[in-house]
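See structure below.
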Amino acid sequence: MTEDVGRVVVAPSLYAAPLLRIGDAVRAVTDGGADAVHLDVMDGHFVGPISFGNLIVQAVSAATHLPLDAHLMVSNPVSHLPWLADAGVRGVTIHVEAFEGDQIGLIEAVREIRKRGMRAGVALKPATGVHAIAGLVGELDHVLVMTVEPGSSGQPFMRAMLSKVSEVADRFGHDIEVGVDGGINASTAREALDAGARYLVAGSSVFAASIEGVRGAIDALRTSE
Ligand code: DX5
Ligand code: ZN
């Protein structure tokens, strides 16, 4: 994620883009003022759907100068790190729940991300409290608070997650970037930013209208600042 903690980062999620126009979608977010591209990698096990893997991520990487942030909704995140590093991904976010309470495994995975030269983050499903990452102070570049259940685009924003955003921001302070993912549009972005988020992942609000509407949707998110 970004080096400048004060700035709001807009990261469109390609998962919500029309799959057969993925190249147009990458161009639209690149030319439309996005700060990063959010890539949802799903394995059909940690979440039901299978989304995309190494070939698509490599192709996206070759098609944009924007930094890529991979959100791994997979049961064995560490096994995916080599190809993500090879693809030139900037940041990797792993789900705490994939470790099923294995704190050592979680810390080792976070360290492995950084060892491979990428920025390390963890994501929290709606039912997971901030206590689950209490042992990661000083180990993280970002925390992604899921504001929907992971696995699909187009779900409504879970307002009850705003207190978790504030709690993460309070506990981890300026050392990390707090992100939100799920149901983010210009209106919910405002609420998330007020609660302390700095990194906005948005899928359907960026792509729902049309590829031609991407720039306007990104602008709308940015002016929610
Ligand atoms: C959900 C993904 C999201 C998704 C967001 O599991 O992590 O990144 O694409 O889509 P919207 O913004 O439509 O909720
Ligand atoms: Zn995501």
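Simple scheme: letters A, B, ... for chains in structure tokens order, numbers from 1 for residues in each chain, numbers from 1 for ligands in the order shown.
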Contacts with ligand 1 at most 7 Å, only C-alpha atoms and all ligand atoms counted, listed as number ranges by chain: A: 13-16, 38, 40, 71, 148-156, 181-184, 201-205
Selection: 9 Å around region 49-58 of chain A, only C-alpha atoms, excl. self and same-chain fewer than 6 positions, as number ranges by chain: A: 15, 39-43, 68, 70, 80, 83-84, 86-89, 151-152
Long-range neighbours of Val92 (chain A) as number ranges by chain, 8 Å cut-off, only C-alpha atoms, 5 positions minimum in chain: A: 69-72, 113, 118-121
Between CA of Ile104 (chain A) and CA of Ile133 (chain A), distance in Å (one decimal): 11.4 Å
Alpha helix (DSSP H) residues, from DSSP on the backbone, in chain A, as number ranges by chain: A: 22-31, 54-63, 81-86, 103-115, 162-172, 186-195, 204-207, 214-222
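Relative to CA of Pro82 (chain A), CA of Ala34 (chain A) is found at 26.0 Å.
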Non-local contacts of Pro77 (chain A) (9 Å; only C-alpha atoms; under 4 positions in same chain excluded) as a VMD selection string: chain A and resid 72 to 73 81 94 to 95 98 109
Backbone-only DSSP, strand (DSSP E) members of region 6-139 of chain A, as a PyMOL selection string: chain A and resi 9-12+37-42+68-73+91-95+119-124
Interatomic distance (Å, one decimal) between CA of Leu144 (chain A) and CA of Ala85 (chain A):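 CA of Ala85 (chain A) lies 19.8 Å from CA of Leu144 (chain A).
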Shortest interatomic distance to ligand 2 - which of A:Leu20, A:Leu106, A:Val145, A:Ala28, counting only C-alpha atoms and all ligand atoms: A:Val145
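Ranking A:Ala123, A:Ala25, A:Val10, A:Val143 by their shortest atom-to-atom distance to Ala208 (chain A), with only C-alpha atoms included, puts A:Ala25 first.
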Selected residue, from A:Leu124, A:Ile22, A:Ala186, A:Val9, that lies nearest to ligand 2 when counting only C-alpha atoms and all ligand atoms: A:Leu124
Given only C-alpha atoms as the counted atoms, nearest of A:Val206, A:Val74, A:Leu162, A:Ala17 to Ala220 (chain A):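 Closest candidate: A:Val206.
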Residue nearest Val214 (chain A) among A:Gly135, A:Pro18, A:Gly117, A:Gly32 (counting only C-alpha atoms):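 Closest to Val214 (chain A) of all the choices is A:Gly32.
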